[in-house]
Each structure stands twice: as structure tokens, then as C-alpha cells.
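S.K.: Take a look at my_file-v9.json, JSON, C-alpha atoms and all ligand atoms:
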```
[["chain", "number", "residue", "atom", "x", "y", "z"],
["A", 1, "MET", "CA", 117.94, 49.12, 34.03],
["A", 2, "ASN", "CA", 117.91, 51.19, 30.85],
["A", 3, "HIS", "CA", 114.44, 52.48, 29.92],
["A", 4, "THR", "CA", 115.50, 54.48, 26.90],
["A", 5, "ASP", "CA", 113.39, 54.00, 23.80],
["A", 6, "PRO", "CA", 115.85, 53.22, 20.94],
["A", 7, "ASN", "CA", 113.66, 55.13, 18.46],
["A", 8, "THR", "CA", 113.36, 58.37, 20.41],
["A", 9, "GLY", "CA", 116.51, 58.14, 22.51],
["A", 10, "SER", "CA", 114.63, 59.03, 25.68],
["A", 11, "ASP", "CA", 112.70, 57.35, 28.51],
["A", 12, "PRO", "CA", 108.99, 57.54, 27.64],
["A", 13, "VAL", "CA", 107.86, 57.57, 31.28],
["A", 14, "VAL", "CA", 110.19, 60.44, 32.12],
["A", 15, "ASP", "CA", 109.01, 62.29, 29.01],
["A", 16, "ARG", "CA", 105.35, 61.95, 29.98],
["A", 17, "LEU", "CA", 105.94, 63.04, 33.55],
["A", 18, "ARG", "CA", 108.05, 66.00, 32.46],
["A", 19, "ALA", "CA", 105.43, 67.07, 29.93],
["A", 20, "ALA", "CA", 102.87, 67.02, 32.75],
["A", 21, "GLY", "CA", 105.03, 69.44, 34.74],
["A", 22, "CYS", "CA", 106.85, 67.10, 37.14],
["A", 23, "VAL", "CA", 110.13, 68.86, 37.93],
["A", 24, "PHE", "CA", 111.85, 65.75, 39.27],
["A", 25, "ALA", "CA", 110.60, 63.51, 36.44],
["A", 26, "GLU", "CA", 113.59, 61.10, 36.55],
["A", 27, "ASP", "CA", 113.30, 60.54, 40.29],
["A", 28, "GLU", "CA", 109.54, 60.13, 40.07],
["A", 29, "ALA", "CA", 109.80, 57.65, 37.21],
["A", 30, "ALA", "CA", 112.33, 55.59, 39.17],
["A", 31, "LEU", "CA", 110.12, 55.63, 42.27],
["A", 32, "LEU", "CA", 106.96, 54.66, 40.39],
["A", 33, "ARG", "CA", 108.77, 51.82, 38.60],
["A", 34, "ASN", "CA", 110.03, 50.60, 41.92],
["A", 35, "GLU", "CA", 106.58, 50.70, 43.54],
["A", 36, "ALA", "CA", 104.43, 49.32, 40.70],
["A", 37, "VAL", "CA", 103.74, 45.58, 40.92],
["A", 38, "ASP", "CA", 103.39, 45.20, 37.13],
["A", 39, "ALA", "CA", 103.22, 47.15, 33.87],
["A", 40, "ALA", "CA", 99.47, 47.78, 34.17],
["A", 41, "ALA", "CA", 99.88, 49.17, 37.68],
["A", 42, "LEU", "CA", 102.70, 51.40, 36.46],
["A", 43, "GLN", "CA", 100.51, 52.80, 33.67],
["A", 44, "GLN", "CA", 97.75, 53.52, 36.14],
["A", 45, "MET", "CA", 100.16, 55.28, 38.52],
["A", 46, "ILE", "CA", 101.52, 57.41, 35.68],
["A", 47, "GLU", "CA", 97.99, 58.41, 34.63],
["A", 48, "ARG", "CA", 97.16, 59.49, 38.17],
["A", 49, "ARG", "CA", 100.40, 61.41, 38.50],
["A", 50, "ILE", "CA", 99.75, 63.20, 35.20],
["A", 51, "ALA", "CA", 96.29, 64.08, 36.53],
["A", 52, "GLY", "CA", 98.05, 65.89, 39.40],
["A", 53, "VAL", "CA", 97.64, 63.41, 42.27],
["A", 54, "PRO", "CA", 100.48, 63.88, 44.81],
["A", 55, "LEU", "CA", 103.19, 61.25, 44.36],
["A", 56, "GLU", "CA", 102.88, 60.25, 48.01],
["A", 57, "GLN", "CA", 99.17, 59.47, 47.67],
["A", 58, "ILE", "CA", 99.90, 57.34, 44.60],
["A", 59, "VAL", "CA", 102.62, 55.21, 46.19],
["A", 60, "GLY", "CA", 100.78, 55.22, 49.52],
["A", 61, "TRP", "CA", 103.53, 56.57, 51.72],
["A", 62, "ALA", "CA", 105.40, 59.79, 52.49],
["A", 63, "GLU", "CA", 108.80, 60.25, 54.03],
["A", 64, "PHE", "CA", 109.07, 62.69, 56.93],
["A", 65, "CYS", "CA", 111.96, 63.13, 59.38],
["A", 66, "GLY", "CA", 113.53, 59.94, 58.04],
["A", 67, "GLN", "CA", 110.43, 57.82, 58.65],
["A", 68, "ARG", "CA", 107.81, 56.42, 56.28],
["A", 69, "PHE", "CA", 104.16, 57.19, 56.85],
["A", 70, "ALA", "CA", 101.12, 55.61, 55.24],
["A", 71, "VAL", "CA", 99.08, 58.22, 53.32],
["A", 72, "GLU", "CA", 95.78, 57.45, 51.64],
["A", 73, "PRO", "CA", 94.18, 59.44, 48.82],
["A", 74, "GLY", "CA", 92.78, 62.78, 49.98],
["A", 75, "VAL", "CA", 94.79, 63.17, 53.17],
["A", 76, "PHE", "CA", 97.17, 66.02, 53.98],
["A", 77, "VAL", "CA", 100.68, 64.92, 52.96],
["A", 78, "PRO", "CA", 103.40, 65.70, 55.57],
["A", 79, "ARG", "CA", 105.63, 68.58, 54.39],
["A", 80, "ARG", "CA", 109.36, 68.98, 54.78],
["A", 81, "ARG", "CA", 108.87, 72.43, 56.39],
["A", 82, "THR", "CA", 107.07, 70.77, 59.28],
["A", 83, "GLU", "CA", 110.37, 69.29, 60.44],
["A", 84, "LEU", "CA", 110.87, 72.65, 62.17],
["A", 85, "LEU", "CA", 107.76, 72.04, 64.27],
["A", 86, "VAL", "CA", 109.19, 68.66, 65.28],
["A", 87, "ARG", "CA", 112.60, 70.09, 66.17],
["A", 88, "THR", "CA", 111.14, 73.01, 68.12],
["A", 89, "ALA", "CA", 108.92, 70.66, 70.09],
["A", 90, "ALA", "CA", 111.58, 68.01, 70.75],
["A", 91, "ASP", "CA", 114.04, 70.64, 72.03],
["A", 92, "ARG", "CA", 111.55, 71.76, 74.68],
["A", 93, "CYS", "CA", 109.98, 68.47, 75.70],
["A", 94, "GLY", "CA", 111.19, 66.24, 78.51],
["A", 95, "SER", "CA", 111.14, 62.46, 78.17],
["A", 96, "GLY", "CA", 108.01, 60.90, 79.66],
["A", 97, "SER", "CA", 105.84, 64.03, 79.42],
["A", 98, "VAL", "CA", 102.25, 64.23, 78.22],
["A", 99, "LEU", "CA", 102.13, 65.58, 74.67],
["A", 100, "VAL", "CA", 99.01, 66.34, 72.63],
["A", 101, "ASP", "CA", 99.36, 66.79, 68.87],
["A", 102, "LEU", "CA", 96.30, 68.58, 67.46],
["A", 103, "CYS", "CA", 95.34, 68.36, 63.77],
["A", 104, "GLY", "CA", 97.68, 65.38, 63.80],
["A", 105, "GLY", "CA", 96.99, 64.26, 60.21],
["A", 106, "VAL", "CA", 98.59, 60.91, 59.46],
["A", 107, "GLY", "CA", 100.55, 61.05, 62.73],
["A", 108, "ALA", "CA", 103.86, 62.22, 61.28],
["A", 109, "VAL", "CA", 104.53, 65.02, 63.78],
["A", 110, "ALA", "CA", 103.58, 62.90, 66.78],
["A", 111, "SER", "CA", 105.72, 60.00, 65.62],
["A", 112, "ALA", "CA", 108.77, 62.13, 64.81],
["A", 113, "VAL", "CA", 108.65, 64.01, 68.14],
["A", 114, "LEU", "CA", 108.33, 60.70, 69.96],
["A", 115, "THR", "CA", 111.32, 59.25, 68.12],
["A", 116, "SER", "CA", 113.36, 62.29, 68.99],
["A", 117, "VAL", "CA", 112.33, 62.54, 72.66],
["A", 118, "GLY", "CA", 112.36, 58.80, 73.38],
["A", 119, "SER", "CA", 109.29, 58.34, 75.54],
["A", 120, "LEU", "CA", 106.00, 60.28, 75.80],
["A", 121, "GLU", "CA", 102.41, 59.84, 76.89],
["A", 122, "LEU", "CA", 101.15, 60.76, 73.45],
["A", 123, "TYR", "CA", 97.72, 61.83, 72.18],
["A", 124, "CYS", "CA", 96.98, 62.74, 68.60],
["A", 125, "THR", "CA", 93.64, 64.26, 67.56],
["A", 126, "GLU", "CA", 92.42, 64.65, 63.98],
["A", 127, "ILE", "CA", 89.11, 65.53, 62.35],
["A", 128, "ASP", "CA", 89.56, 63.71, 59.01],
["A", 129, "PRO", "CA", 88.53, 60.05, 59.46],
["A", 130, "VAL", "CA", 90.80, 58.91, 56.60],
["A", 131, "ALA", "CA", 93.82, 60.60, 58.20],
["A", 132, "VAL", "CA", 92.81, 59.05, 61.54],
["A", 133, "SER", "CA", 92.97, 55.57, 60.06],
["A", 134, "CYS", "CA", 96.41, 56.33, 58.57],
["A", 135, "ALA", "CA", 97.60, 57.73, 61.91],
["A", 136, "ARG", "CA", 96.42, 54.60, 63.72],
["A", 137, "ARG", "CA", 98.49, 52.49, 61.33],
["A", 138, "ASN", "CA", 101.48, 54.81, 61.55],
["A", 139, "LEU", "CA", 101.51, 55.20, 65.33],
["A", 140, "ALA", "CA", 100.07, 51.81, 66.29],
["A", 141, "ALA", "CA", 100.37, 51.38, 70.06],
["A", 142, "ARG", "CA", 102.71, 54.34, 70.52],
["A", 143, "ALA", "CA", 99.91, 56.94, 70.82],
["A", 144, "SER", "CA", 96.19, 57.33, 71.38],
["A", 145, "VAL", "CA", 94.83, 58.55, 68.07],
["A", 146, "LEU", "CA", 91.45, 60.21, 68.66],
["A", 147, "HIS", "CA", 88.93, 61.26, 66.04],
["A", 148, "GLY", "CA", 87.40, 64.70, 66.51],
["A", 149, "ASP", "CA", 87.80, 68.46, 66.51],
["A", 150, "LEU", "CA", 90.86, 69.85, 68.35],
["A", 151, "PHE", "CA", 90.52, 69.19, 72.10],
["A", 152, "ASP", "CA", 87.02, 67.65, 71.93],
["A", 153, "PRO", "CA", 88.03, 63.96, 71.87],
["A", 154, "LEU", "CA", 90.65, 64.21, 74.68],
["A", 155, "PRO", "CA", 89.96, 62.54, 78.03],
["A", 156, "GLN", "CA", 88.80, 65.20, 80.51],
["A", 157, "ALA", "CA", 91.31, 63.84, 83.04],
["A", 158, "LEU", "CA", 94.11, 65.38, 80.97],
["A", 159, "ARG", "CA", 93.00, 68.93, 81.80],
["A", 160, "GLY", "CA", 95.84, 70.77, 83.50],
["A", 161, "SER", "CA", 98.36, 67.95, 82.99],
["A", 162, "VAL", "CA", 99.58, 68.38, 79.40],
["A", 163, "ALA", "CA", 103.23, 69.47, 79.17],
["A", 164, "MET", "CA", 103.14, 70.31, 75.47],
["A", 165, "ILE", "CA", 100.65, 70.84, 72.68],
["A", 166, "THR", "CA", 101.83, 70.80, 69.06],
["A", 167, "ALA", "CA", 99.75, 71.71, 66.03],
["A", 168, "ASN", "CA", 100.13, 71.95, 62.30],
["A", 169, "ALA", "CA", 96.61, 73.28, 61.97],
["A", 170, "PRO", "CA", 95.26, 74.67, 58.69],
["A", 171, "TYR", "CA", 96.52, 78.24, 58.27],
["A", 172, "VAL", "CA", 96.12, 79.16, 54.61],
["A", 173, "PRO", "CA", 93.82, 82.19, 54.23],
["A", 174, "THR", "CA", 90.69, 81.19, 52.29],
["A", 175, "GLY", "CA", 91.49, 83.62, 49.48],
["A", 176, "GLU", "CA", 94.92, 82.07, 48.95],
["A", 177, "ILE", "CA", 93.78, 78.47, 48.53],
["A", 178, "ALA", "CA", 93.30, 79.14, 44.80],
["A", 179, "PHE", "CA", 97.02, 79.92, 44.51],
["A", 180, "MET", "CA", 98.18, 76.70, 46.15],
["A", 181, "PRO", "CA", 99.68, 73.96, 43.93],
["A", 182, "ALA", "CA", 96.95, 71.86, 42.31],
["A", 183, "GLU", "CA", 98.28, 68.84, 44.22],
["A", 184, "ALA", "CA", 97.17, 70.46, 47.46],
["A", 185, "ARG", "CA", 94.12, 72.30, 46.17],
["A", 186, "ASP", "CA", 92.57, 69.36, 44.34],
["A", 187, "HIS", "CA", 93.88, 66.32, 46.21],
["A", 188, "GLU", "CA", 94.07, 67.23, 49.88],
["A", 189, "LEU", "CA", 91.11, 67.77, 52.15],
["A", 190, "LEU", "CA", 90.21, 71.48, 52.08],
["A", 191, "ALA", "CA", 89.60, 71.35, 55.83],
["A", 192, "ALA", "CA", 93.31, 70.54, 56.30],
["A", 193, "LEU", "CA", 94.39, 73.74, 54.53],
["A", 194, "ASP", "CA", 91.75, 76.47, 54.88],
["A", 195, "GLY", "CA", 92.27, 78.59, 57.98],
["A", 196, "GLY", "CA", 89.50, 81.14, 57.31],
["A", 197, "ALA", "CA", 89.69, 84.79, 56.24],
["A", 198, "ASP", "CA", 93.16, 85.56, 57.67],
["A", 199, "GLY", "CA", 94.15, 81.90, 58.03],
["A", 200, "LEU", "CA", 94.15, 82.06, 61.82],
["A", 201, "ASP", "CA", 90.63, 80.91, 62.76],
["A", 202, "ILE", "CA", 91.84, 77.56, 64.07],
["A", 203, "HIS", "CA", 94.92, 79.06, 65.72],
["A", 204, "ARG", "CA", 92.63, 81.39, 67.69],
["A", 205, "ARG", "CA", 90.55, 78.46, 68.93],
["A", 206, "ILE", "CA", 93.65, 76.45, 69.85],
["A", 207, "ILE", "CA", 95.34, 79.34, 71.67],
["A", 208, "GLU", "CA", 92.16, 80.18, 73.57],
["A", 209, "GLN", "CA", 91.58, 76.62, 74.78],
["A", 210, "ALA", "CA", 95.17, 75.45, 75.32],
["A", 211, "PRO", "CA", 95.72, 77.02, 78.78],
["A", 212, "GLU", "CA", 92.96, 74.83, 80.29],
["A", 213, "TRP", "CA", 94.87, 71.71, 79.24],
["A", 214, "LEU", "CA", 98.46, 72.72, 79.91],
["A", 215, "THR", "CA", 100.46, 72.51, 83.11],
["A", 216, "ASP", "CA", 101.96, 75.75, 84.44],
["A", 217, "GLY", "CA", 105.03, 76.34, 82.30],
["A", 218, "GLY", "CA", 103.57, 74.14, 79.54],
["A", 219, "TRP", "CA", 104.28, 74.73, 75.85],
["A", 220, "LEU", "CA", 102.12, 75.40, 72.82],
["A", 221, "ILE", "CA", 104.02, 75.03, 69.53],
["A", 222, "ILE", "CA", 102.28, 75.90, 66.25],
["A", 223, "GLU", "CA", 103.41, 75.89, 62.64],
["A", 224, "THR", "CA", 102.36, 79.04, 60.85],
["A", 225, "GLY", "CA", 102.97, 81.21, 57.78],
["A", 226, "ARG", "CA", 105.85, 83.69, 57.80],
["A", 227, "GLY", "CA", 103.48, 86.64, 57.49],
["A", 228, "GLN", "CA", 101.15, 85.33, 60.20],
["A", 229, "ALA", "CA", 103.65, 84.76, 63.01],
["A", 230, "ASP", "CA", 103.35, 88.29, 64.48],
["A", 231, "ILE", "CA", 99.61, 87.91, 64.95],
["A", 232, "ASP", "CA", 100.08, 84.43, 66.40],
["A", 233, "ARG", "CA", 102.52, 85.83, 68.94],
["A", 234, "GLU", "CA", 100.07, 88.57, 69.92],
["A", 235, "LEU", "CA", 97.33, 85.98, 70.35],
["A", 236, "LEU", "CA", 99.65, 83.83, 72.47],
["A", 237, "ALA", "CA", 100.69, 86.79, 74.63],
["A", 238, "ALA", "CA", 97.05, 87.76, 75.19],
["A", 239, "ALA", "CA", 96.35, 84.20, 76.40],
["A", 240, "GLY", "CA", 99.19, 84.31, 78.96],
["A", 241, "PHE", "CA", 102.08, 82.81, 77.00],
["A", 242, "ASP", "CA", 105.64, 84.05, 76.55],
["A", 243, "ALA", "CA", 105.92, 83.72, 72.81],
["A", 244, "SER", "CA", 108.67, 83.63, 70.22],
["A", 245, "THR", "CA", 109.02, 82.91, 66.51],
["A", 246, "ILE", "CA", 111.44, 80.33, 65.09],
["A", 247, "ILE", "CA", 112.30, 80.40, 61.38],
["A", 248, "ASP", "CA", 114.21, 77.97, 59.15],
["A", 249, "ASP", "CA", 114.81, 79.51, 55.74],
["A", 250, "GLU", "CA", 116.28, 76.34, 54.28],
["A", 251, "ILE", "CA", 113.02, 74.40, 54.63],
["A", 252, "ASP", "CA", 110.77, 77.50, 54.54],
["A", 253, "GLY", "CA", 109.47, 76.71, 58.00],
["A", 254, "THR", "CA", 107.93, 79.08, 60.55],
["A", 255, "VAL", "CA", 106.87, 78.10, 64.02],
["A", 256, "VAL", "CA", 105.58, 80.06, 67.00],
["A", 257, "ALA", "CA", 106.37, 78.71, 70.45],
["A", 258, "GLY", "CA", 104.51, 79.86, 73.54],
["A", 259, "GLN", "CA", 105.31, 78.94, 77.12],
["A", 260, "LEU", "CA", 102.62, 79.44, 79.68],
["A", 261, "SER", "CA", 103.60, 81.51, 82.69],
["A", 262, "ARG", "CA", 104.50, 79.41, 85.73],
["A", 263, "HIS", "CA", 102.50, 81.79, 87.93],
["A", 264, "ARG", "CA", 99.39, 82.26, 85.88],
["A", 265, "GLY", "CA", 96.69, 81.85, 88.59],
["A", 266, "ALA", "CA", 94.33, 84.31, 86.93],
["A", 267, "HIS", "CA", 94.35, 82.40, 83.65],
["A", 268, "ARG", "CA", 92.88, 79.20, 85.12],
["A", 301, "LIG", "N1", 101.38, 76.43, 53.47],
["A", 301, "LIG", "C1", 101.22, 75.20, 54.11],
["A", 301, "LIG", "C2", 101.68, 74.07, 53.25],
["A", 301, "LIG", "O1", 101.17, 73.80, 52.18],
["A", 301, "LIG", "C3", 99.82, 74.97, 54.58],
["A", 301, "LIG", "C4", 99.76, 73.83, 55.46],
["A", 301, "LIG", "C5", 98.73, 74.01, 56.53],
["A", 301, "LIG", "O2", 97.78, 74.76, 56.39],
["A", 301, "LIG", "N2", 98.98, 73.38, 57.62],
["A", 301, "LIG", "O3", 102.63, 73.45, 53.64]]
```
What does this structure look like when you write it as C-alpha cells?
Ligand code: GLN

M.R.:
Amino acid sequence: MNHTDPNTGSDPVVDRLRAAGCVFAEDEAALLRNEAVDAAALQQMIERRIAGVPLEQIVGWAEFCGQRFAVEPGVFVPRRRTELLVRTAADRCGSGSVLVDLCGGVGAVASAVLTSVGSLELYCTEIDPVAVSCARRNLAARASVLHGDLFDPLPQALRGSVAMITANAPYVPTGEIAFMPAEARDHELLAALDGGADGLDIHRRIIEQAPEWLTDGGWLIIETGRGQADIDRELLAAAGFDASTIIDDEIDGTVVAGQLSRHRGAHR
């Protein structure tokens, strides 16, 4: 359909979105028109977009690893770069294993790893109740989605039997939050982004606690910032992991992968 205004020679919706700073204004206009049930709804969506609300929160879904995920206002929106976390995990995870995804958000990482691996005993923990409700919709019966901080909500019986832990935990240093895009800063839960002074507060807690939950030879795979990976690897090594960094420049992804020694004894 042609949306060009005969008087101005341009599409008014595209013009408004572009003026508000949307780089992909044509694509966004097409998507919003497709999603809006009527003209009033379209106007409301455009207003919210101009106010800086992430497109995904406006339409109510985000695409990640070729799947659609429900996202409600305020939740952390799955990022393209996190596909590296999924790939790194799926490459190292056997079908049928126990996998725990910490800081699971709307369940995108858990779901994509499951799709790639085929079958898993899957647990996803998340502290934001809104994200938890999205994750329950997105994962349905395919995973146990548990509300709480990191390992706290997991069944105690899982201790020592988890083959892999994945996490896209918050890792932005507090002082850098102000430099994030307004979409993230103003419309995503701060707790999903802020990783403390050097960004690694939550990584430290995860790395410290993970060995109690993993099997010997188990994996801990964490998304991190390019400049933070060296410290993550040191933390992993100090906790008994063989650690390496995986980088994908194309999607600006950085992941650290740690494998627990098969003969750790002393670390139990
Ligand atoms: N820099 C990351 C992003 O915006 C931060 C995400 C996070 O803390 N997990 O994609």
C-alpha cells in the first residue's frame, strides 16, 4: 500500500519516526502498521515509539534466534549479540542434560538453546516478575521458570547434577548506564543492566556459587563485555574452571566459557 501524502510527497509516519531518531524508520513504520489493529492504535504506537519506548515492547514481541518471544513493557529485550551465548552453549551441551539459565529474562536464551540441542531438563530463573510471566508464556511446558535471585529458587536436589549453567546477567558498570541508549536506560529494568562498580558483581556471585550446582566437567557460559572478559576468566580460573573467551565481531558478542575440572575434589 502507498502511504505517501500527495501534498508533501512523503510518508508522514516515516517522517515522524525519522525525526524522532529512528534509523530504520521505513521498516518500523511498516511493522507498526502491520501490528496496529486500527488507526487509533497506530497513532498510540507511534507516540510511544517517538517517546523512546523500544519497538519490541510496543508490538509486544521480539525476534531472537529465529523465534518470537513475548515481551511486556519494562522487561529486558533479547539482543542479537546474545545469539553467541546460545551458540556457545548449544555446541557444548549434550541432548537430555540438565541446563540452568540464570537471569533468564523472557526465556529467549533457554528456548533457543533447547531448540538447538533438541531435548533438555531445563530450568530458568529470573528476578523480575514481569519477565517471569513472559518467560512462562514463551517457554510454556518446556522449562521450569522460577522466580527469584540466581540459584535461590532452584530445587536443592539439583545440586551437583547440572551439566550447564548459562547466564546473560547484568554486566554494565553503574557509571556507564548513563551512556546506554535511552531505550535501555529508560525502558528496561535497571536491575537487568546494572552490574555494579565494574559491572561484574553478579558474575562474581554466579561464578562463586556455580561449582556447587555443576557436575564434574560441567560448563558455565556467561555473556560479558569485551573489556570485562579477562577478569571473568580470572574469576573462573580461581573457582576451578578452565576458561576461554569467544568473540563474534559481526554481532558484537563476547562470551566466557568455563569448564569445571573433572577431578576437582577440593572444590566441593
Ligand atoms: N551491553 C549489554 C546490552 O545492552 C548489556 C546487557 C546486559 O547487561 N546483560 O546488550

S.K.: Can you tell me which residues surround Pro170 of chain A at a distance of at most 12 Å, considering only C-alpha atoms, apart from same-chain residues fewer than 6 positions away, and format the answer as a PyMOL selection string?

M.R.: chain A and resi 76+102-105+126-127+150+177+188-206+222-225

S.K.: Atom CA of Glu56 of chain A to atom CA of Gly9 of chain A: how many Å, to one decimal?

M.R.: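 Going from atom CA of Glu56 of chain A over to atom CA of Gly9 of chain A covers 29.0 Å.
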
S.K.: Quick one: residues within 6 Å of ligand LIG 301 (chain A), with all atoms listed in the file, as a list in words?

M.R.: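 Listed by chain and ascending number, the contacts are Arg79, Asn168, Ala169, Pro170, Tyr171, Val172 and Leu193 of chain A.
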
S.K.: When you count all atoms listed in the file, which of these residues is closest to Arg159 of chain A: A:Leu260, A:Met180, A:Cys134, A:Val98?

M.R.: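 Closest candidate: A:Val98.
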
S.K.: So how many Å separate atom CA of Val100 of chain A and atom CA of Leu122 of chain A, to one decimal?

M.R.: 6.0 Å

S.K.: Nearest residue to Leu17 of chain A out of A:Ala163, A:Thr4, A:Glu47, A:Val37, using only C-alpha atoms?

M.R.: A:Glu47

S.K.: Which polymer residues have any atom within 10 Å of an atom of Trp213 of chain A, counting only C-alpha atoms, with same-chain residues fewer than 5 positions away left out, as a list of chain:residue names?

M.R.: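 After dropping sequence-adjacent residues, the list is A:Val100, A:Phe151, A:Leu154, A:Gln156, A:Ala157, A:Leu158, A:Arg159, A:Gly160, A:Ser161, A:Val162, A:Ala163, A:Met164, A:Ile165, A:Gly218, A:Arg268.
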
S.K.: Near Ser144 of chain A, counting only C-alpha atoms, which residues have an atom at most 12 Å away, once you skip same-chain residues fewer than 3 positions from it, shown as a ChimeraX atom specification?

M.R.: /A:98-102,104,107,110-111,120-126,132-133,135-141,147,153-155

S.K.: At what distance in Å, to one decimal, does atom CA of Phe69 of chain A lie from atom CA of Ala20 of chain A?

M.R.: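 Interatomic distance here is 26.1 Å.
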
S.K.: Using all atoms listed in the file, give me every residue within 12 Å of (103.9, 85.3, 81.4) in file coordinates, as a PyMOL selection string.

M.R.: chain A and resi 211+216-219+236-243+258-267

S.K.: Write out as lines of an AutoDock Vina configuration file an axis-aligned box for segment 168-181 of chain A: all of its atoms listed in the file, 4 Å added on each side, centre and edge lengths in Å with one decimal.

M.R.:
```
center_x = 95.4
center_y = 77.8
center_z = 53.1
size_x = 17.4
size_y = 19.7
size_z = 26.4
```
